[in-house]
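**Student:** Sharing a structure below in structure tokens format, with a few things to ask.
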Amino acid sequence: MKKYLLIGFISSLLYTSCKHDSLYEPIDEPPIVDTECDPNTVYFINDVLPIIQSSCAFSGCHGSGSAQDGVDLSTYAGIMQEVQAFDANDSKLYEVIIENDNDDVMPPNPYSRLTTAQILLIKNWINQGAQNNECSDCNTTAVTFAQTISPIIQNNCQGCHSGTAPQGNLSLTNYTQVKTIADNGKLLGTINHSNGFVPMPYNQPQLSDCKIDQITSWVNAGSPNN
Ligand code: HEC
């Protein structure tokens, strides 16, 4: 089965390949920040934007410099052009990620289809009103691979590091693969933008301090499969 994503109306028609020289433009309005995060709320900055950045908004696809079909998913305002707040079923963004036809689904081949969990996050975020919101809680003590690390990797890295042609010839789709780059130092090196490592996520804003702290705490604990 082919996989893969983004938001093209006439779909993958004009789509050829995603080069990775993307330009990121910051979100236009500052988000509403929630310091006591509601577990039932889907947050745009924490949950939705990273998925869209790693799977849709890079250059050659729907980033600011290269909006395929005029769709720029690099900002909240751009994303809202494809969203009907409170109504996922009437939102182009949602329609293209749940598309059954493998030739029309976004992201397009060879990129991976969004996971069921990612699709649900986007759906719930839209149905909750598609706010430009952010949660600023950061828990670095109860970090586990399943609950913390895997979702971070899935939402920030797998857009490029999955599918039949993963970037850098590196798949990050299971524990063993993530454990390998944790052990050889590349995980912390790339996300911290340390000397001698290609900064990750590639050509995109650095992960939040919270995510970096959580990953660091997990690596320092021996990168357990917990
Ligand atoms: C927008 C696409 C994209 C995203 C998102 C992305 N990467 Fe990469 N990644 C690349 C590309 C392209 C390369 C190859 C870079 C090179 O060799 O110059 C790469 C290479 C790597 C490498 C190998 C680097 C080395 O020095 O050998 C690691 C490790 C890596 N990525 C980790 C990550 C992690 C962890 C994330 C998420 C936090 C991530 N990447 C997100 C595109 C991406």
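Identifiers for the structure tokens are assigned positionally: chains receive A, B, ... in sequence, residues are indexed from 1 per chain, and ligands are indexed from 1 in the order shown.
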Just the residues within 10 Å of Cys37 of chain A, please, counting only C-alpha atoms, with nothing from its chain fewer than 5 positions along; format it as a list of chain:residue names.

**Tutor:**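 The residues satisfying every condition are A:Val42, A:Tyr43, A:Glu134, A:Cys135, A:Ser136, A:Asp137, A:Cys138.
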
**Student:** Give me, as JSON lines, the closest atom pair and its distance (Å, one decimal) for every residue of chain A within a cut-off of 7 Å of ligand 1, counting only C-alpha atoms and all ligand atoms, rows sorted by chain and rising number.

**Tutor:**
```
{"residue": "A:His20", "atom": "CA", "partner": "ligand 1", "partner_atom_place_in_ligand_line": "1 (C)", "distance": 6.0}
{"residue": "A:Ser54", "atom": "CA", "partner": "ligand 1", "partner_atom_place_in_ligand_line": "5 (C)", "distance": 4.2}
{"residue": "A:Phe58", "atom": "CA", "partner": "ligand 1", "partner_atom_place_in_ligand_line": "1 (C)", "distance": 5.8}
{"residue": "A:Ile153", "atom": "CA", "partner": "ligand 1", "partner_atom_place_in_ligand_line": "37 (C)", "distance": 5.6}
{"residue": "A:Asn156", "atom": "CA", "partner": "ligand 1", "partner_atom_place_in_ligand_line": "37 (C)", "distance": 4.8}
{"residue": "A:Cys157", "atom": "CA", "partner": "ligand 1", "partner_atom_place_in_ligand_line": "37 (C)", "distance": 3.5}
{"residue": "A:Gln158", "atom": "CA", "partner": "ligand 1", "partner_atom_place_in_ligand_line": "5 (C)", "distance": 6.6}
{"residue": "A:Gly159", "atom": "CA", "partner": "ligand 1", "partner_atom_place_in_ligand_line": "5 (C)", "distance": 5.7}
{"residue": "A:Cys160", "atom": "CA", "partner": "ligand 1", "partner_atom_place_in_ligand_line": "2 (C)", "distance": 4.4}
{"residue": "A:His161", "atom": "CA", "partner": "ligand 1", "partner_atom_place_in_ligand_line": "7 (N)", "distance": 6.3}
{"residue": "A:Gln167", "atom": "CA", "partner": "ligand 1", "partner_atom_place_in_ligand_line": "11 (C)", "distance": 4.6}
{"residue": "A:Gly168", "atom": "CA", "partner": "ligand 1", "partner_atom_place_in_ligand_line": "14 (C)", "distance": 3.6}
{"residue": "A:Leu170", "atom": "CA", "partner": "ligand 1", "partner_atom_place_in_ligand_line": "21 (C)", "distance": 6.6}
{"residue": "A:Ile181", "atom": "CA", "partner": "ligand 1", "partner_atom_place_in_ligand_line": "29 (C)", "distance": 5.9}
{"residue": "A:Lys186", "atom": "CA", "partner": "ligand 1", "partner_atom_place_in_ligand_line": "29 (C)", "distance": 4.7}
{"residue": "A:Leu187", "atom": "CA", "partner": "ligand 1", "partner_atom_place_in_ligand_line": "35 (C)", "distance": 5.2}
{"residue": "A:Thr190", "atom": "CA", "partner": "ligand 1", "partner_atom_place_in_ligand_line": "29 (C)", "distance": 6.0}
{"residue": "A:Ile191", "atom": "CA", "partner": "ligand 1", "partner_atom_place_in_ligand_line": "38 (C)", "distance": 5.9}
{"residue": "A:Phe197", "atom": "CA", "partner": "ligand 1", "partner_atom_place_in_ligand_line": "26 (O)", "distance": 4.7}
{"residue": "A:Val198", "atom": "CA", "partner": "ligand 1", "partner_atom_place_in_ligand_line": "26 (O)", "distance": 5.1}
{"residue": "A:Met200", "atom": "CA", "partner": "ligand 1", "partner_atom_place_in_ligand_line": "39 (C)", "distance": 4.7}
{"residue": "A:Pro201", "atom": "CA", "partner": "ligand 1", "partner_atom_place_in_ligand_line": "41 (C)", "distance": 3.6}
{"residue": "A:Tyr202", "atom": "CA", "partner": "ligand 1", "partner_atom_place_in_ligand_line": "43 (C)", "distance": 4.4}
{"residue": "A:Asn203", "atom": "CA", "partner": "ligand 1", "partner_atom_place_in_ligand_line": "1 (C)", "distance": 6.5}
{"residue": "A:Gln204", "atom": "CA", "partner": "ligand 1", "partner_atom_place_in_ligand_line": "1 (C)", "distance": 6.9}
{"residue": "A:Leu207", "atom": "CA", "partner": "ligand 1", "partner_atom_place_in_ligand_line": "38 (C)", "distance": 6.7}
```

**Student:** What is the atom CA of Thr35 of chain A to atom CA of Val219 of chain A distance in Å?

**Tutor:** 26.2 Å

**Student:** Restricting the calculation to only C-alpha atoms, which member of A:Thr116, A:Asn109, A:Asn132, A:Thr144 is positioned closest to Ala165 of chain A?

**Tutor:**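 Closest residue, counting only C-alpha atoms: A:Asn109.
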
**Student:** Per DSSP on the backbone, filter segment 12-224 of chain A down to the residues in strand (DSSP E) and report them as a list in words.

**Tutor:**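 Those residues are Ile32, Val33, Asp34, Asn133, Glu134 and Cys135 of chain A.
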
**Student:** How about saving the chosen residues, N, CA and C atoms kept, as a PDB file, in the first residue's frame?

**Tutor:**
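Everything below was put into result.pdb:
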```
ATOM      1  N   ILE A  32      -2.122  31.251  22.083  1.00  0.00           N
ATOM      2  CA  ILE A  32      -2.664  31.331  23.441  1.00  0.00           C
ATOM      3  C   ILE A  32      -1.969  30.243  24.255  1.00  0.00           C
ATOM      4  N   VAL A  33      -1.294  30.621  25.345  1.00  0.00           N
ATOM      5  CA  VAL A  33      -0.520  29.645  26.103  1.00  0.00           C
ATOM      6  C   VAL A  33      -1.281  29.172  27.341  1.00  0.00           C
ATOM      7  N   ASP A  34      -1.371  27.866  27.464  1.00  0.00           N
ATOM      8  CA  ASP A  34      -2.059  27.232  28.578  1.00  0.00           C
ATOM      9  C   ASP A  34      -0.979  26.635  29.484  1.00  0.00           C
ATOM     10  N   ASN A 133      -3.225  27.498  19.808  1.00  0.00           N
ATOM     11  CA  ASN A 133      -2.983  27.340  21.242  1.00  0.00           C
ATOM     12  C   ASN A 133      -1.725  26.511  21.528  1.00  0.00           C
ATOM     13  N   GLU A 134      -1.222  26.662  22.723  1.00  0.00           N
ATOM     14  CA  GLU A 134       0.007  25.988  23.113  1.00  0.00           C
ATOM     15  C   GLU A 134      -0.081  25.580  24.576  1.00  0.00           C
ATOM     16  N   CYS A 135       0.513  24.429  24.886  1.00  0.00           N
ATOM     17  CA  CYS A 135       0.572  23.985  26.262  1.00  0.00           C
ATOM     18  C   CYS A 135       2.022  24.068  26.717  1.00  0.00           C
TER      19      CYS A 135
END
```
